[in-house]
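> Sharing target-v5.cif (mmCIF, C-alpha atoms) below.
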data_target
#
loop_
_atom_site.label_atom_id
_atom_site.label_comp_id
_atom_site.auth_asym_id
_atom_site.auth_seq_id
_atom_site.Cartn_x
_atom_site.Cartn_y
_atom_site.Cartn_z
CA MET A 118 0.00 0.00 0.00
CA LYS A 119 1.26 3.47 -0.90
CA ILE A 120 2.81 5.56 1.89
CA LEU A 121 1.67 9.19 2.01
CA LYS A 122 3.71 10.50 4.90
CA GLN A 123 6.61 9.57 7.19
CA VAL A 124 7.15 11.07 10.65
CA LEU A 125 9.70 10.57 13.40
CA GLY A 126 8.24 11.50 16.78
CA VAL A 127 10.89 12.45 19.34
CA ASP A 128 10.47 12.71 23.09
CA VAL A 129 13.40 14.92 24.08
CA ALA A 130 15.10 14.75 27.48
CA GLN A 131 18.35 16.20 28.77
CA LYS A 132 20.36 13.03 28.21
CA GLU A 133 18.41 10.92 25.74
CA LEU A 134 16.12 10.97 22.73
CA VAL A 135 13.27 8.45 22.62
CA VAL A 136 12.00 8.12 19.05
CA THR A 137 9.16 6.41 17.21
CA LEU A 138 8.82 6.11 13.44
CA GLY A 139 5.37 6.19 11.89
CA ARG A 140 3.83 6.31 8.44
CA LEU A 141 0.49 7.33 7.02
CA LYS A 142 -0.85 4.90 4.44
CA GLU A 143 -3.12 5.46 1.46
CA ASP A 144 -6.19 4.29 3.41
CA LEU A 145 -5.33 7.05 5.99
CA SER A 146 -4.34 4.50 8.65
CA CYS A 147 -1.35 5.27 10.87
CA GLU A 148 1.30 2.64 11.51
CA LEU A 149 4.01 2.99 14.15
CA TYR A 150 6.64 0.51 13.09
CA SER A 151 10.02 1.27 14.67
CA TYR A 152 11.29 2.48 18.04
CA GLY A 153 14.68 3.51 19.40
CA VAL A 154 16.58 5.32 22.18
CA PHE A 155 19.65 7.48 21.54
CA LYS A 156 21.87 9.73 23.63
CA ASN A 157 21.25 13.45 23.32
CA ASP A 158 24.80 14.27 22.22
CA GLN A 159 26.72 14.36 18.94
CA LYS A 160 27.43 10.61 18.93
CA GLY A 161 23.77 9.91 19.63
CA LEU A 162 22.66 12.25 16.84
CA ASP A 163 24.99 10.52 14.37
CA ALA A 164 23.66 7.12 15.42
CA LEU A 165 20.06 8.38 15.10
CA LEU A 166 20.74 9.66 11.59
CA LYS A 167 22.18 6.29 10.51
CA TRP A 168 19.26 4.39 12.07
CA LEU A 169 16.76 6.75 10.45
CA ASN A 170 18.22 6.38 6.95
CA ASN A 171 18.05 2.59 7.31
CA ASN A 172 14.39 2.58 8.37
CA VAL A 173 12.63 5.11 6.14
CA ASP A 174 11.65 5.20 2.50
CA SER A 175 14.19 7.56 0.95
CA THR A 176 11.76 8.50 -1.84
CA ILE A 177 9.33 10.10 0.64
CA PRO A 178 10.18 13.17 2.76
CA THR A 179 10.50 12.46 6.49
CA ARG A 180 9.32 15.01 9.05
CA ILE A 181 10.98 15.18 12.46
CA VAL A 182 8.51 16.28 15.14
CA MET A 183 9.53 17.26 18.67
CA GLU A 184 8.34 19.38 21.57
CA ALA A 185 9.97 22.67 22.55
CA THR A 186 11.63 21.46 25.76
CA GLY A 187 13.74 24.32 27.05
CA VAL A 188 17.10 24.12 25.26
CA TYR A 189 17.44 20.34 25.01
CA HIS A 190 15.69 20.05 21.63
CA GLN A 191 17.82 22.69 19.90
CA SER A 192 20.78 20.48 18.93
CA LEU A 193 18.46 17.88 17.44
CA ALA A 194 16.45 20.47 15.49
CA HIS A 195 19.54 22.11 14.01
CA PHE A 196 21.17 18.75 13.23
CA MET A 197 18.13 17.37 11.40
CA LEU A 198 17.61 20.58 9.45
CA ASP A 199 21.26 20.54 8.37
CA ASN A 200 20.71 16.98 7.11
CA GLN A 201 17.83 18.07 4.84
CA PHE A 202 14.93 16.74 6.96
CA GLN A 203 11.68 18.61 7.50
CA VAL A 204 11.54 19.72 11.14
CA SER A 205 8.58 20.79 13.26
CA VAL A 206 8.89 22.06 16.84
CA VAL A 207 5.53 22.16 18.62
CA LEU A 208 4.43 23.57 21.96
CA PRO A 209 4.19 20.98 24.76
CA ASN A 210 0.59 21.96 25.59
CA LYS A 211 -0.51 21.10 22.04
CA VAL A 212 0.88 17.58 22.36
CA SER A 213 -0.49 17.10 25.89
CA ASN A 214 -3.96 18.20 24.75
CA TYR A 215 -3.72 15.77 21.84
CA MET A 216 -2.63 12.93 24.13
CA ARG A 217 -5.81 13.30 26.15
CA THR A 218 -7.76 12.21 23.08
CA LEU A 219 -5.77 8.95 22.86
CA GLU A 220 -6.33 5.83 24.94
CA ILE A 221 -2.99 6.00 26.74
CA LYS A 222 -3.18 4.35 30.16
CA THR A 223 0.54 4.39 30.96
CA LEU A 224 2.60 7.53 30.42
CA THR A 225 6.21 6.72 29.52
CA ASP A 226 8.88 8.20 27.24
CA LYS A 227 7.95 5.61 24.62
CA THR A 228 4.21 6.38 24.69
CA CYS A 229 5.03 10.11 24.51
CA SER A 230 7.17 9.59 21.39
CA GLU A 231 4.38 7.48 19.88
CA ALA A 232 1.86 10.24 20.57
CA ILE A 233 4.17 12.84 19.01
CA ALA A 234 4.57 10.63 15.92
CA ARG A 235 0.78 10.24 15.59
CA PHE A 236 0.35 13.98 16.08
CA GLY A 237 2.76 14.63 13.20
CA LEU A 238 1.02 12.09 10.97
CA GLU A 239 -2.48 13.47 11.58
CA ARG A 240 -1.72 17.19 11.56
CA LYS A 241 -0.36 19.55 8.94
CA LEU A 242 2.58 21.11 10.75
CA GLU A 243 4.62 24.15 9.83
CA ASP A 244 8.31 23.88 9.07
CA TRP A 245 10.71 25.02 11.77
CA ASN A 246 13.52 27.26 10.60
CA LYS A 247 16.66 28.32 12.37
CA PRO A 248 16.10 31.52 14.35
CA ASP A 249 17.67 34.71 13.10
CA GLU A 250 21.18 34.99 14.53
CA ALA A 251 20.48 38.45 15.98
CA PHE A 252 17.30 37.26 17.72
CA TYR A 253 19.13 34.20 19.05
CA THR A 254 21.92 36.37 20.50
CA LEU A 255 19.37 38.75 22.01
CA LYS A 256 17.58 35.81 23.63
CA GLN A 257 20.85 34.60 25.17
CA LEU A 258 21.63 38.08 26.48
CA THR A 259 18.17 38.78 27.92
CA ARG A 260 18.08 35.40 29.64
CA GLU A 261 21.56 35.99 31.06
CA ARG A 262 20.42 39.36 32.39
CA ASP A 263 17.34 37.75 33.91
CA GLN A 264 19.55 35.32 35.84
CA ILE A 265 21.77 38.20 36.99
CA VAL A 266 18.73 40.09 38.30
CA ASP A 267 17.58 37.00 40.21
CA ASP A 268 21.06 36.52 41.73
CA ARG A 269 21.22 40.20 42.69
CA THR A 270 17.81 40.05 44.37
CA SER A 271 18.95 37.03 46.37
CA LEU A 272 22.10 38.89 47.45
CA LYS A 273 20.11 41.98 48.45
CA ASN A 274 17.81 39.84 50.59
CA ARG A 275 20.86 38.25 52.20
CA LEU A 276 22.39 41.70 52.77
CA HIS A 277 19.22 42.88 54.49
CA ALA A 278 19.30 39.82 56.77
CA GLU A 279 22.98 40.34 57.63
CA GLN A 280 22.49 44.04 58.38
CA SER A 281 19.52 43.24 60.62
CA GLU A 282 21.57 40.95 62.89
CA PHE A 283 22.57 42.08 66.39
CA ASN A 284 26.29 42.19 65.56
CA PRO A 285 26.70 42.09 61.74
CA ASN A 286 30.00 40.96 60.26
CA LYS A 287 31.49 43.91 58.37
CA ASN A 288 33.61 41.72 56.09
CA THR A 289 30.57 39.63 55.10
CA ILE A 290 28.59 42.77 54.29
CA LYS A 291 31.50 44.12 52.23
CA ARG A 292 31.72 40.90 50.19
CA ILE A 293 27.98 40.93 49.53
CA ASN A 294 28.14 44.57 48.41
CA ASP A 295 31.11 43.74 46.16
CA ASN A 296 29.11 40.90 44.56
CA ILE A 297 26.13 43.20 44.02
CA ALA A 298 28.39 45.82 42.41
CA PHE A 299 29.90 43.13 40.15
CA LEU A 300 26.43 41.99 39.04
CA ASN A 301 25.43 45.60 38.36
CA GLN A 302 28.50 45.94 36.14
CA GLN A 303 27.62 42.75 34.26
CA GLU A 304 24.05 43.94 33.71
CA GLN A 305 25.33 47.20 32.22
CA GLN A 306 27.60 45.27 29.86
CA ILE A 307 24.68 43.16 28.67
CA LYS A 308 22.53 46.24 28.06
CA LYS A 309 25.39 47.77 26.08
CA GLU A 310 25.64 44.62 23.91
CA ILE A 311 21.88 44.67 23.32
CA ASN A 312 22.03 48.31 22.21
CA GLU A 313 24.90 47.50 19.83
CA ILE A 314 22.83 44.74 18.18
CA LEU A 315 19.88 47.11 17.78
CA LYS A 316 22.13 49.75 16.19
CA GLN A 317 23.40 47.20 13.67
CA ASN A 318 19.96 45.79 12.82
CA ASN A 319 17.46 48.42 11.65
CA GLN A 320 14.60 45.93 11.18
CA ILE A 321 14.72 44.80 14.80
CA LYS A 322 15.15 48.38 16.02
CA GLU A 323 12.06 49.48 14.05
CA LYS A 324 10.01 46.72 15.68
CA VAL A 325 11.27 47.73 19.11
CA ASP A 326 10.44 51.39 18.41
CA ILE A 327 6.90 50.38 17.36
CA MET A 328 6.32 48.28 20.49
CA THR A 329 7.64 50.95 22.85
CA THR A 330 4.90 53.36 21.69
CA ILE A 331 2.60 51.29 23.94
CA PRO A 332 2.49 53.09 27.33
CA GLY A 333 4.42 51.04 29.89
CA MET A 334 6.28 48.92 27.32
CA GLY A 335 10.03 49.44 27.74
CA LYS A 336 12.82 48.66 25.29
CA LEU A 337 14.06 45.66 27.25
CA THR A 338 10.58 44.09 27.40
CA ALA A 339 10.14 44.61 23.66
CA VAL A 340 13.51 42.94 23.00
CA ILE A 341 12.58 39.97 25.20
CA ILE A 342 9.25 39.43 23.41
CA LEU A 343 10.84 39.70 19.97
CA SER A 344 13.80 37.44 20.79
CA GLU A 345 11.63 34.76 22.43
CA THR A 346 9.26 34.69 19.41
CA ASN A 347 11.95 35.15 16.73
CA GLY A 348 10.32 38.42 15.71
CA PHE A 349 6.81 36.84 15.64
CA GLU A 350 7.94 34.83 12.60
CA LEU A 351 5.91 31.69 13.32
CA ILE A 352 3.03 33.45 15.10
CA ARG A 353 -0.11 33.47 12.98
CA ASN A 354 -2.67 35.07 15.32
CA LYS A 355 -3.14 36.55 18.78
CA LYS A 356 -4.56 33.33 20.23
CA GLN A 357 -1.46 31.40 19.21
CA LEU A 358 0.78 34.06 20.76
CA THR A 359 -0.99 34.05 24.15
CA SER A 360 -0.84 30.25 24.16
CA TYR A 361 2.89 30.35 23.40
CA ALA A 362 3.40 32.71 26.33
CA GLY A 363 1.25 30.59 28.66
CA LEU A 364 -1.23 33.45 29.12
CA ASP A 365 -4.13 31.49 27.63
CA VAL A 366 -7.03 30.84 30.00
CA LYS A 367 -7.94 27.29 30.96
CA GLU A 368 -11.17 26.29 32.67
CA LYS A 369 -12.48 23.02 34.07
CA SER A 370 -16.26 22.70 34.14
CA SER A 371 -18.75 19.89 33.67
CA GLY A 372 -22.51 20.03 34.00
CA THR A 373 -23.73 21.88 37.06
CA SER A 374 -21.52 20.24 39.69
CA VAL A 375 -18.00 20.98 38.46
CA ARG A 376 -17.05 24.64 38.24
CA GLY A 377 -13.31 25.11 38.38
CA LYS A 378 -11.72 28.54 38.61
CA LYS A 379 -10.44 30.08 35.41
CA LYS A 380 -6.68 30.50 35.38
CA ILE A 381 -3.85 30.90 32.91
CA SER A 382 -2.21 27.69 31.73
CA LYS A 383 1.42 28.79 32.37
CA LYS A 384 2.36 26.08 29.85
CA GLY A 385 4.37 28.40 27.70
CA ASN A 386 7.31 30.78 27.61
CA ARG A 387 7.86 31.97 31.19
CA HIS A 388 10.38 34.62 30.08
CA ILE A 389 7.66 36.51 28.19
CA ARG A 390 5.24 36.27 31.13
CA LYS A 391 7.87 37.49 33.57
CA SER A 392 8.89 40.41 31.36
CA LEU A 393 5.31 41.73 31.16
CA TYR A 394 4.69 42.12 34.88
CA MET A 395 6.25 45.55 35.40
CA PRO A 396 4.97 46.93 32.05
CA SER A 397 1.43 45.94 33.06
CA LEU A 398 1.79 47.98 36.29
CA CYS A 399 3.06 50.97 34.29
CA GLY A 400 0.35 50.48 31.66
CA VAL A 401 -2.38 50.61 34.29
CA LYS A 402 -0.89 53.86 35.59
CA PHE A 403 -0.12 55.68 32.32
CA ASN A 404 -2.44 54.19 29.68
CA PRO A 405 -6.08 55.36 30.09
CA ILE A 406 -7.35 52.39 28.05
CA HIS A 407 -5.62 49.79 30.21
CA LYS A 408 -6.42 51.73 33.38
CA GLU A 409 -10.14 51.69 32.54
CA MET A 410 -9.95 47.96 31.73
CA TYR A 411 -8.12 47.23 34.99
CA VAL A 412 -10.62 49.18 37.14
CA ARG A 413 -13.54 47.46 35.39
CA LEU A 414 -12.11 43.99 35.96
CA VAL A 415 -11.19 44.62 39.60
CA SER A 416 -14.67 45.98 40.31
CA TYR A 417 -16.14 42.86 38.68
CA HIS A 418 -14.23 40.08 40.48
CA GLY A 419 -12.05 41.96 43.00
CA ILE A 420 -8.80 40.15 42.15
CA LYS A 421 -6.01 42.59 41.28
CA MET A 422 -3.49 40.01 40.05
CA LYS A 423 -6.07 38.44 37.74
CA SER A 424 -6.76 41.88 36.28
CA LEU A 425 -3.04 42.55 35.80
CA ILE A 426 -2.68 39.28 33.90
CA ALA A 427 -5.48 40.41 31.58
CA ILE A 428 -3.53 43.64 30.97
CA GLN A 429 -0.37 41.63 30.26
CA ARG A 430 -2.23 39.55 27.71
CA LYS A 431 -3.67 42.70 26.13
CA MET A 432 -0.24 44.34 25.89
CA LEU A 433 1.28 41.22 24.33
CA GLU A 434 -1.48 40.97 21.73
CA LEU A 435 -1.25 44.70 21.02
CA SER A 436 2.51 44.52 20.43
CA TYR A 437 1.97 41.69 17.93
CA VAL A 438 -0.76 43.58 16.05
CA LEU A 439 1.28 46.80 15.86
CA VAL A 440 4.40 45.03 14.55
CA LYS A 441 2.45 43.01 11.99
CA ASN A 442 0.62 46.11 10.74
CA ASN A 443 3.76 48.28 10.96
CA THR A 444 1.95 51.00 12.85
CA ILE A 445 2.33 52.78 16.18
CA PHE A 446 0.02 52.82 19.19
CA ASP A 447 -2.95 55.19 18.84
CA PRO A 448 -4.73 55.96 22.15
CA LEU A 449 -7.75 57.23 20.21
CA TYR A 450 -8.06 54.12 18.03
CA GLU A 451 -11.15 52.73 19.80
CA GLN A 452 -12.88 56.13 19.67
CA LYS A 453 -12.17 56.48 15.95
CA LYS A 454 -13.35 52.93 15.34
CA GLY A 455 -16.57 53.63 17.21
CA ALA A 456 -17.12 56.87 15.28
CA ILE A 457 -16.72 55.05 11.94
CA LYS A 458 -19.27 52.44 13.02
CA ASN A 459 -21.74 55.14 14.04
CA VAL A 460 -21.33 56.96 10.71
CA SER A 461 -21.84 53.74 8.73
CA SER A 462 -24.94 52.85 10.73
CA LEU A 463 -26.43 56.33 10.15
CA SER A 464 -25.76 56.11 6.42
CA ASN A 465 -27.58 52.78 6.27
#
As structure tokens, please, write out the structure in this file.

Amino acid sequence: MKILKQVLGVDVAQKELVVTLGRLKEDLSCELYSYGVFKNDQKGLDALLKWLNNNVDSTIPTRIVMEATGVYHQSLAHFMLDNQFQVSVVLPNKVSNYMRTLEIKTLTDKTCSEAIARFGLERKLEDWNKPDEAFYTLKQLTRERDQIVDDRTSLKNRLHAEQSEFNPNKNTIKRINDNIAFLNQQEQQIKKEINEILKQNNQIKEKVDIMTTIPGMGKLTAVIILSETNGFELIRNKKQLTSYAGLDVKEKSSGTSVRGKKKISKKGNRHIRKSLYMPSLCGVKFNPIHKEMYVRLVSYHGIKMKSLIAIQRKMLELSYVLVKNNTIFDPLYEQKKGAIKNVSSLSN
């Protein structure tokens, strides 16, 4: 029977790759026919490539499907793309949602790779491409800065505890202050490197300039969002973007007895979520549109953090729309939109 499609589903871990080969036949039935485990290093990748070439039909393109698991999938994705395979990197929540539709009673690395293979066979997936080098460097720099900020906060908390003791050790306090000063210096170096990249890349700088027209959105936040999404290259709509950031709302309800609280999934890019916290506070203070939205939501359910998350989601979606339309933020946009609707209704 003719084979329509070949897919290698890969469950990626830090030290190993668990893979399942599947094919879609002419009668639209899926067959999973080969399974293997390889180390997640260069020797393992070479062995996987040899095994793959021996087990697939070379006349039919093979798609490699994997989840975006931190940084552990990156070597595999680059390696397979360099060897002329089609590569798709999907969000973990998409695969987990798909797995719920399957009759999987035992969750193992093997069953996960089988589910990923089936997912690739049944869905039309987009090709993954290597991220732009500038965006990749910016992502490394912004994540490094984020770690420095966390370390500095920890040191400041420790400094406060030391200074609050009955008889604080002066040498200990000096060493802590020296470490804080060193981290401050490193943060300034990173910011300088980010600014140099923006100066050398007008396209990225234009996108940053567009996003920073949103009240509360700073340059660093704009850079983080762009670098973590590769300049919105693979984002097709606002819903996909909020899901990627883990700001999509999930709800559990059934009949009249089960009414779970609505909450964000958090199954997405935590760096984007973290970067939007302070901008949402500034947006509520300086953007009348977001301030009105925040007050309305707080008065409705009384939960400030829940309202701030809604503002974060709104700011993220707005940044995407502005960049895609190559336009700046207009605080009177909603009023103009409403006026146009009123004029059209009067003319009718």
> Taking 6 positions as the minimum chain separation for residues in the same chain, which residues sit within 7 Å of range 339-341 of chain A when counting all atoms listed in the file? Answer as a VMD selection string.
chain A and resid 256 259 325 328 to 329 389
> So what do you get for CA of Gln306 in chain A versus CA of Gly187 in chain A, distance-wise?
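Here the two named atoms are 25.3 Å from each other.
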> Could you pull the residues within 12 Å of Asp268 in chain A, counting all atoms listed in the file, minus those fewer than 3 positions along the same chain, as a PyMOL selection string?
chain A and resi 261-265+271-275+293+296-301+303-304
> I'd like the residues picked by the PyMOL selection byres ((chain A and resi 315) around 12) written out as a ChimeraX atom specification, using the chain letters and numbers from the file.
/A:251-252,254-255,308-314,316-326,336-337,339-340,343-344
> Could those selected residues go to a file with C-alpha atoms, as a PDB file, in the frame of the given file?

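Result file follows (result.pdb):
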ATOM      1  CA  ALA A 251      20.480  38.450  15.980  1.00  0.00           C
ATOM      2  CA  PHE A 252      17.300  37.260  17.720  1.00  0.00           C
ATOM      3  CA  THR A 254      21.920  36.370  20.500  1.00  0.00           C
ATOM      4  CA  LEU A 255      19.370  38.750  22.010  1.00  0.00           C
ATOM      5  CA  LYS A 308      22.530  46.240  28.060  1.00  0.00           C
ATOM      6  CA  LYS A 309      25.390  47.770  26.080  1.00  0.00           C
ATOM      7  CA  GLU A 310      25.640  44.620  23.910  1.00  0.00           C
ATOM      8  CA  ILE A 311      21.880  44.670  23.320  1.00  0.00           C
ATOM      9  CA  ASN A 312      22.030  48.310  22.210  1.00  0.00           C
ATOM     10  CA  GLU A 313      24.900  47.500  19.830  1.00  0.00           C
ATOM     11  CA  ILE A 314      22.830  44.740  18.180  1.00  0.00           C
ATOM     12  CA  LYS A 316      22.130  49.750  16.190  1.00  0.00           C
ATOM     13  CA  GLN A 317      23.400  47.200  13.670  1.00  0.00           C
ATOM     14  CA  ASN A 318      19.960  45.790  12.820  1.00  0.00           C
ATOM     15  CA  ASN A 319      17.460  48.420  11.650  1.00  0.00           C
ATOM     16  CA  GLN A 320      14.600  45.930  11.180  1.00  0.00           C
ATOM     17  CA  ILE A 321      14.720  44.800  14.800  1.00  0.00           C
ATOM     18  CA  LYS A 322      15.150  48.380  16.020  1.00  0.00           C
ATOM     19  CA  GLU A 323      12.060  49.480  14.050  1.00  0.00           C
ATOM     20  CA  LYS A 324      10.010  46.720  15.680  1.00  0.00           C
ATOM     21  CA  VAL A 325      11.270  47.730  19.110  1.00  0.00           C
ATOM     22  CA  ASP A 326      10.440  51.390  18.410  1.00  0.00           C
ATOM     23  CA  LYS A 336      12.820  48.660  25.290  1.00  0.00           C
ATOM     24  CA  LEU A 337      14.060  45.660  27.250  1.00  0.00           C
ATOM     25  CA  ALA A 339      10.140  44.610  23.660  1.00  0.00           C
ATOM     26  CA  VAL A 340      13.510  42.940  23.000  1.00  0.00           C
ATOM     27  CA  LEU A 343      10.840  39.700  19.970  1.00  0.00           C
ATOM     28  CA  SER A 344      13.800  37.440  20.790  1.00  0.00           C
TER      29      SER A 344
END
> Which residues match the PyMOL selection byres ((chain A and resi 155) around 8) in the file above, as a list in words?
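Going through the file, the PyMOL selection byres ((chain A and resi 155) around 8) ends up selecting Glu133, Leu134, Val135, Gly153, Val154, Lys156, Asn157, Gly161, Leu162, Ala164 and Leu165 of chain A.
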> For range 168-177 of chain A, list every protein, DNA or RNA residue within 8 Å, evaluated using only C-alpha atoms, and leave out those in the same chain fewer than 5 positions away; present the list as a list in words.
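Once the nearby chain positions are removed, what remains is Leu121, Lys122, Gln123 and Ser151 of chain A.
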> Would you please work out which residue, of A:Val188, A:Val182, A:Val136, A:Leu238, is nearest to Glu148 in chain A when using all atoms listed in the file?
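Of all the options, A:Leu238 lies closest to Glu148 in chain A.
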> Looking at all atoms listed in the file, which of A:Val440, A:Met216, A:Ile428, A:Leu198 is the one that sits closest to Thr330 in chain A?
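Among the listed residues, the smallest separation from Thr330 in chain A belongs to A:Val440.
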> Would you please work out which residue, of A:Cys229, A:Leu219, A:Asp128, A:Leu141, is nearest to Ile181 in chain A when using only C-alpha atoms?
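Using only C-alpha atoms, Ile181 in chain A sits closest to A:Asp128.
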> Using Å and a single decimal, report how far CA of Lys132 in chain A sits from CA of His195 in chain A.
16.9 Å
> Take CA of Tyr150 in chain A and CA of Gly126 in chain A and report the distance between them in Å, one decimal.
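Interatomic distance here is 11.7 Å.
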> Decode the PyMOL selection byres ((chain A and resi 199-211) around 7) for the given file into explicit residues and return them as a list in words.
Thr179, Arg180, Ile181, Val182, Met183, Glu184, Ala185, Ala194, His195, Phe196, Met197, Leu198, Val212, Ser213, Asn214, Tyr215, Leu242, Glu243, Asp244, Trp245 and Lys384 of chain A
> Would you mind exporting the chosen residues as an mmCIF file, in the coordinates of the input, restricted to C-alpha atoms?

data_model
loop_
_atom_site.group_PDB
_atom_site.id
_atom_site.type_symbol
_atom_site.label_atom_id
_atom_site.label_comp_id
_atom_site.auth_asym_id
_atom_site.auth_seq_id
_atom_site.Cartn_x
_atom_site.Cartn_y
_atom_site.Cartn_z
ATOM 1 C CA THR A 179 10.500 12.460 6.490
ATOM 2 C CA ARG A 180 9.320 15.010 9.050
ATOM 3 C CA ILE A 181 10.980 15.180 12.460
ATOM 4 C CA VAL A 182 8.510 16.280 15.140
ATOM 5 C CA MET A 183 9.530 17.260 18.670
ATOM 6 C CA GLU A 184 8.340 19.380 21.570
ATOM 7 C CA ALA A 185 9.970 22.670 22.550
ATOM 8 C CA ALA A 194 16.450 20.470 15.490
ATOM 9 C CA HIS A 195 19.540 22.110 14.010
ATOM 10 C CA PHE A 196 21.170 18.750 13.230
ATOM 11 C CA MET A 197 18.130 17.370 11.400
ATOM 12 C CA LEU A 198 17.610 20.580 9.450
ATOM 13 C CA VAL A 212 0.880 17.580 22.360
ATOM 14 C CA SER A 213 -0.490 17.100 25.890
ATOM 15 C CA ASN A 214 -3.960 18.200 24.750
ATOM 16 C CA TYR A 215 -3.720 15.770 21.840
ATOM 17 C CA LEU A 242 2.580 21.110 10.750
ATOM 18 C CA GLU A 243 4.620 24.150 9.830
ATOM 19 C CA ASP A 244 8.310 23.880 9.070
ATOM 20 C CA TRP A 245 10.710 25.020 11.770
ATOM 21 C CA LYS A 384 2.360 26.080 29.850
#
> What's the 6 Å shell around Leu125 in chain A, counting all atoms listed in the file, without same-chain residues fewer than 3 positions away, as a short mmCIF file (atom, residue, chain, number, x, y, z; two decimals) with C-alpha atoms, in the frame of the given file?

data_model
loop_
_atom_site.label_atom_id
_atom_site.label_comp_id
_atom_site.auth_asym_id
_atom_site.auth_seq_id
_atom_site.Cartn_x
_atom_site.Cartn_y
_atom_site.Cartn_z
CA THR A 137 9.16 6.41 17.21
CA LEU A 138 8.82 6.11 13.44
CA ILE A 181 10.98 15.18 12.46
CA ALA A 234 4.57 10.63 15.92
#
> Which residues are near Leu433 in chain A? Cut-off 12 Å, only C-alpha atoms, ignore same chain within fewer than 3 positions. Put them as a VMD selection string.
chain A and resid 328 to 329 331 333 to 334 338 to 339 341 to 343 346 349 354 to 365 389 to 394 396 to 397 400 426 to 430 436 to 440
> Name the closest residue to Pro448 in chain A among the candidates A:Arg217, A:His190, A:His407, A:Arg413; distances are taken between atoms, counting all atoms listed in the file.
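Nearest to Pro448 in chain A: A:His407.
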> Which of these, A:Thr270, A:Arg353, A:Val127, A:Pro405, has the shortest distance to Lys441 in chain A once you count all atoms listed in the file?
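Comparing A:Thr270, A:Arg353, A:Val127, A:Pro405 against Lys441 in chain A, the winner is A:Arg353.
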> Can you patch up range 202-215 of chain A, filling it in to N, CA and C atoms, and show the result as a tab-separated table (two decimals), in the frame of the given file?

chain	number	residue	atom	x	y	z
A	202	PHE	N	16.22	17.27	6.52
A	202	PHE	CA	14.93	16.74	6.96
A	202	PHE	C	13.98	17.91	7.24
A	203	GLN	N	12.69	17.64	7.08
A	203	GLN	CA	11.68	18.61	7.50
A	203	GLN	C	11.56	18.53	9.02
A	204	VAL	N	11.57	19.68	9.67
A	204	VAL	CA	11.54	19.72	11.14
A	204	VAL	C	10.37	20.55	11.61
A	205	SER	N	9.66	20.05	12.62
A	205	SER	CA	8.58	20.79	13.26
A	205	SER	C	8.79	20.77	14.77
A	206	VAL	N	8.78	21.93	15.39
A	206	VAL	CA	8.89	22.06	16.84
A	206	VAL	C	7.56	22.59	17.35
A	207	VAL	N	6.87	21.81	18.18
A	207	VAL	CA	5.53	22.16	18.62
A	207	VAL	C	5.52	22.47	20.11
A	208	LEU	N	4.55	23.24	20.55
A	208	LEU	CA	4.43	23.57	21.96
A	208	LEU	C	3.98	22.34	22.76
A	209	PRO	N	4.55	22.14	23.95
A	209	PRO	CA	4.19	20.98	24.76
A	209	PRO	C	2.70	20.87	25.07
A	210	ASN	N	2.01	22.03	25.26
A	210	ASN	CA	0.59	21.96	25.59
A	210	ASN	C	-0.25	21.43	24.43
A	211	LYS	N	0.21	21.65	23.19
A	211	LYS	CA	-0.51	21.10	22.04
A	211	LYS	C	-0.45	19.58	22.05
A	212	VAL	N	0.73	19.03	22.33
A	212	VAL	CA	0.88	17.58	22.36
A	212	VAL	C	0.12	16.98	23.55
A	213	SER	N	0.20	17.63	24.71
A	213	SER	CA	-0.49	17.10	25.89
A	213	SER	C	-2.00	17.11	25.69
A	214	ASN	N	-2.52	18.16	25.05
A	214	ASN	CA	-3.96	18.20	24.75
A	214	ASN	C	-4.34	17.09	23.77
A	215	TYR	N	-3.46	16.83	22.80
A	215	TYR	CA	-3.72	15.77	21.84
A	215	TYR	C	-3.68	14.40	22.52
